file start-v3.txt (compact mmCIF, C-alpha atoms)
# COMPACT_ATOMS: atom_id res chain seq x y z
CA MET A 134 -8.40 2.85 2.63
CA GLU A 135 -7.95 4.97 -0.50
CA LYS A 136 -10.89 7.19 0.43
CA SER A 137 -9.47 7.92 3.91
CA ILE A 138 -6.06 8.87 2.47
CA ASN A 139 -7.76 11.18 -0.02
CA THR A 140 -9.69 12.76 2.86
CA TYR A 141 -6.45 13.24 4.79
CA ILE A 142 -4.84 14.86 1.74
CA GLU A 143 -7.80 17.21 1.31
CA TYR A 144 -7.69 18.21 5.00
CA SER A 145 -3.96 18.80 4.70
CA ARG A 146 -4.53 21.10 1.72
CA LYS A 147 -7.19 23.06 3.60
CA ILE A 148 -4.98 23.43 6.68
CA THR A 149 -2.06 24.55 4.52
CA SER A 150 -4.29 27.08 2.78
CA LEU A 151 -5.55 28.50 6.10
CA ILE A 152 -2.06 28.81 7.51
CA THR A 153 -0.68 30.34 4.32
CA LYS A 154 -3.43 32.97 4.28
CA LYS A 155 -2.75 33.94 7.91
CA MET A 156 0.98 34.38 7.15
CA THR A 157 0.38 36.57 4.07
CA PRO A 158 0.60 39.97 5.82
CA THR A 159 3.94 39.04 7.43
CA ARG A 160 5.18 37.51 4.16
CA LYS A 161 4.37 40.73 2.30
CA LYS A 162 5.86 42.92 5.02
CA TYR A 163 9.24 41.16 4.71
CA LYS A 164 8.93 40.27 0.99
CA LEU A 165 9.11 36.53 1.65
CA THR A 166 8.08 33.65 -0.57
CA LYS A 167 6.03 30.76 0.78
CA MET A 168 9.19 28.63 0.81
CA ASP A 169 11.01 31.36 2.76
CA THR A 170 8.33 31.26 5.45
CA HIS A 171 8.46 27.46 5.64
CA ALA A 172 12.23 27.64 6.07
CA LEU A 173 12.06 30.30 8.78
CA LEU A 174 9.49 28.31 10.72
CA PHE A 175 11.44 25.07 10.30
CA PHE A 176 14.74 26.54 11.49
CA SER A 177 13.05 28.30 14.41
CA VAL A 178 12.39 24.86 15.94
CA GLU A 179 15.38 23.37 17.76
CA GLU A 180 14.20 19.74 17.77
CA HIS A 181 15.96 18.69 14.57
CA PRO A 182 19.38 19.09 12.93
CA PRO A 183 19.67 22.62 11.47
CA THR A 184 20.72 21.51 7.99
CA ALA A 185 19.39 22.28 4.55
CA SER A 186 19.23 18.57 3.77
CA GLU A 187 17.07 17.94 6.87
CA PHE A 188 14.71 20.75 5.83
CA SER A 189 14.52 19.29 2.33
CA ARG A 190 13.87 15.78 3.67
CA CYS A 191 11.29 16.76 6.30
CA GLY A 192 9.35 19.02 3.99
CA SER A 193 9.78 16.86 0.89
CA TYR A 194 11.16 19.90 -0.92
CA SER A 195 13.58 19.71 -3.81
CA LYS A 196 17.17 20.61 -3.03
CA SER A 197 17.11 23.37 -5.65
CA ASN A 198 14.04 25.04 -4.08
CA VAL A 199 15.61 24.80 -0.63
CA SER A 200 18.90 26.26 -1.87
CA LYS A 201 17.10 29.15 -3.56
CA ALA A 202 15.08 29.96 -0.44
CA LEU A 203 18.10 29.80 1.86
CA LEU A 204 20.15 31.99 -0.47
CA ASP A 205 17.28 34.50 -0.51
CA LEU A 206 17.00 34.43 3.30
CA SER A 207 20.76 34.80 3.62
CA LYS A 208 20.75 37.88 1.36
CA LYS A 209 18.00 39.34 3.54
CA LYS A 210 20.19 38.61 6.58
CA LEU A 211 17.55 36.38 8.15
CA VAL A 212 19.73 33.24 8.23
CA THR A 213 23.41 32.36 8.25
CA MET A 214 24.76 29.31 6.47
CA GLU A 215 27.99 27.63 7.53
CA SER A 216 29.56 24.44 6.27
CA ASN A 217 29.50 21.66 8.83
CA LYS A 218 33.02 21.18 10.23
CA ASP A 219 32.66 17.36 10.17
CA ASP A 220 31.08 17.08 6.72
CA ARG A 221 31.39 20.02 4.34
CA ARG A 222 28.55 18.72 2.17
CA TYR A 223 26.11 19.85 4.87
CA GLN A 224 25.38 23.45 5.69
CA GLU A 225 24.21 24.39 9.16
CA ILE A 226 21.50 27.01 9.09
CA GLN A 227 20.97 29.45 11.94
CA LEU A 228 18.44 32.23 12.23
CA THR A 229 19.91 35.67 12.77
CA GLU A 230 18.37 37.90 15.44
CA GLU A 231 16.24 39.52 12.71
CA GLY A 232 15.32 36.04 11.44
CA LYS A 233 14.17 35.07 14.93
CA ILE A 234 11.96 38.16 15.08
CA VAL A 235 10.38 37.38 11.70
CA ALA A 236 9.90 33.68 12.60
CA LYS A 237 8.25 34.70 15.88
CA GLU A 238 5.93 37.05 14.02
CA LEU A 239 5.03 34.25 11.57
CA ARG A 240 4.45 31.81 14.43
CA GLU A 241 2.23 34.32 16.28
CA SER A 242 0.14 34.82 13.13
CA ILE A 243 -0.66 31.10 12.88
CA ASP A 244 -0.85 30.10 16.55
CA PRO A 245 -4.55 31.04 16.89
CA ILE A 246 -5.46 28.80 13.95
CA ILE A 247 -3.40 25.91 15.28
CA SER A 248 -5.06 26.29 18.69
CA LYS A 249 -8.52 26.22 17.11
CA LEU A 250 -7.64 23.25 14.91
CA SER A 251 -6.40 21.26 17.89
CA ALA A 252 -9.31 22.11 20.19
CA GLY A 253 -10.99 19.02 21.62
CA ILE A 254 -8.19 16.65 20.63
CA THR A 255 -7.04 14.61 23.63
CA PRO A 256 -3.37 13.92 24.40
CA GLU A 257 -3.97 10.27 23.46
CA GLN A 258 -5.44 11.28 20.11
CA ARG A 259 -2.49 13.63 19.49
CA LYS A 260 -0.09 10.79 20.16
CA VAL A 261 -1.84 8.60 17.58
CA MET A 262 -2.06 11.50 15.14
CA PHE A 263 1.67 12.27 15.41
CA SER A 264 2.51 8.60 15.00
CA ILE A 265 0.48 8.49 11.79
CA MET A 266 1.95 11.76 10.56
CA ASN A 267 5.48 10.51 11.17
CA ARG A 268 4.71 7.33 9.23
CA LEU A 269 3.32 9.41 6.35
CA LYS A 270 6.41 11.64 6.43
CA ASP A 271 8.69 8.60 6.26
CA ASN A 272 6.62 7.17 3.40
CA MET A 273 6.85 10.51 1.56
CA SER A 274 10.61 10.51 1.95
CA GLU A 275 10.77 7.04 0.40
CA VAL A 276 8.57 8.13 -2.50
CA MET A 277 10.72 11.25 -3.03
CA LYS A 278 13.85 9.07 -3.18
CA GLU A 279 12.19 6.88 -5.81
CA ILE A 280 11.19 9.92 -7.87
CA GLU A 281 14.63 11.52 -7.74
call {"tool": "encode", "arguments": {"input": "start-v3.txt", "output": "structure tokens"}}
result
Amino acid sequence: MEKSINTYIEYSRKITSLITKKMTPTRKKYKLTKMDTHALLFFSVEEHPPTASEFSRCGSYSKSNVSKALLDLSKKKLVTMESNKDDRRYQEIQLTEEGKIVAKELRESIDPIISKLSAGITPEQRKVMFSIMNRLKDNMSEVMKEIE
């Protein structure tokens, strides 16, 4: 079992490296950090709550790194941050129109790689893969809680 997890981790690193390299021209164009790009891509997806804490939890990022990235993106007018009316501890993050353009450009830069990486994977295999990935994500969240 340990060997297969190590293989998964190595593949994850390689995929992350490929995607990061493809986003570099767009990152440089808009003077974005890697964390900035992760945040823009995360908040461009509408399938999850648009909060900083959700971004931190899903990406296993520290709250301080998330706060720094969101402040940077806010200064660049790529996101807006508003306190949640029901719970002021949570900030709702929205992409501005410019933020949506940048996120779209980032997404377009990585879509060809994602298409190639997923070639030949059946819908059934994707379902199993996403199930495993969700389990790993939940396990990572538990480990992060223990570390903090």
call {"tool": "closest_residue", "arguments": {"input": "start-v3.txt", "among": "A:Glu143, A:Thr149, A:Lys196, A:Lys201", "to": "Asp169 (chain A)", "atoms": "all atoms listed in the file"}}
result
A:Lys201
call {"tool": "closest_residue", "arguments": {"input": "start-v3.txt", "among": "A:Lys218, A:Lys249, A:Ser145, A:Ala185", "to": "Ser197 (chain A)", "atoms": "all atoms listed in the file"}}
result
A:Ala185
call {"tool": "residues_around", "arguments": {"input": "start-v3.txt", "residues": "Met277 (chain A)", "least_positions_apart": "5", "cutoff": "9 Å", "atoms": "all atoms listed in the file", "output": "PyMOL selection string"}}
result
chain A and resi 190+193-195+272
call {"tool": "residues_around", "arguments": {"input": "start-v3.txt", "residues": "His171 (chain A)", "least_positions_apart": "6", "cutoff": "10 Å", "atoms": "only C-alpha atoms", "output": "JSON, numbers by chain"}}
result
{"A": [153, 165, 177, 188, 192, 199, 202, 236, 239]}
call {"tool": "closest_residue", "arguments": {"input": "start-v3.txt", "among": "A:Ala172, A:Met262, A:Ala252, A:Pro158", "to": "Glu187 (chain A)", "atoms": "only C-alpha atoms"}}
result
A:Ala172
call {"tool": "residues_around", "arguments": {"input": "start-v3.txt", "residues": "region 221-234 of chain A", "least_positions_apart": "4", "cutoff": "9 Å", "atoms": "all atoms listed in the file", "output": "list in words"}}
result
Leu173, Phe176, Ser177, Pro182, Pro183, Thr184, Ala185, Ser186, Leu203, Leu206, Lys209, Lys210, Leu211, Val212, Thr213, Met214, Glu215, Ser216, Asn217, Glu238 and Leu239 of chain A
call {"tool": "atom_distance", "arguments": {"input": "start-v3.txt", "atom1": "CA of Lys162 (chain A)", "atom2": "CA of Val235 (chain A)"}}
result
9.8 Å
call {"tool": "atom_distance", "arguments": {"input": "start-v3.txt", "atom1": "CA of Leu204 (chain A)", "atom2": "CA of Met266 (chain A)"}}
result
29.4 Å
call {"tool": "atom_distance", "arguments": {"input": "start-v3.txt", "atom1": "CA of Lys155 (chain A)", "atom2": "CA of Thr170 (chain A)"}}
result
11.7 Å
call {"tool": "closest_residue", "arguments": {"input": "start-v3.txt", "among": "A:Lys237, A:Lys278, A:Arg268, A:Lys161", "to": "Ser189 (chain A)", "atoms": "all atoms listed in the file"}}
result
A:Lys278
call {"tool": "axis_aligned_box", "arguments": {"input": "start-v3.txt", "around": "region 156-167 of chain A", "padding_each_side": "5 Å", "output": "AutoDock Vina command-line options"}}
result
--center_x 4.8 --center_y 36.8 --center_z 3.4 --size_x 18.9 --size_y 22.2 --size_z 18.0
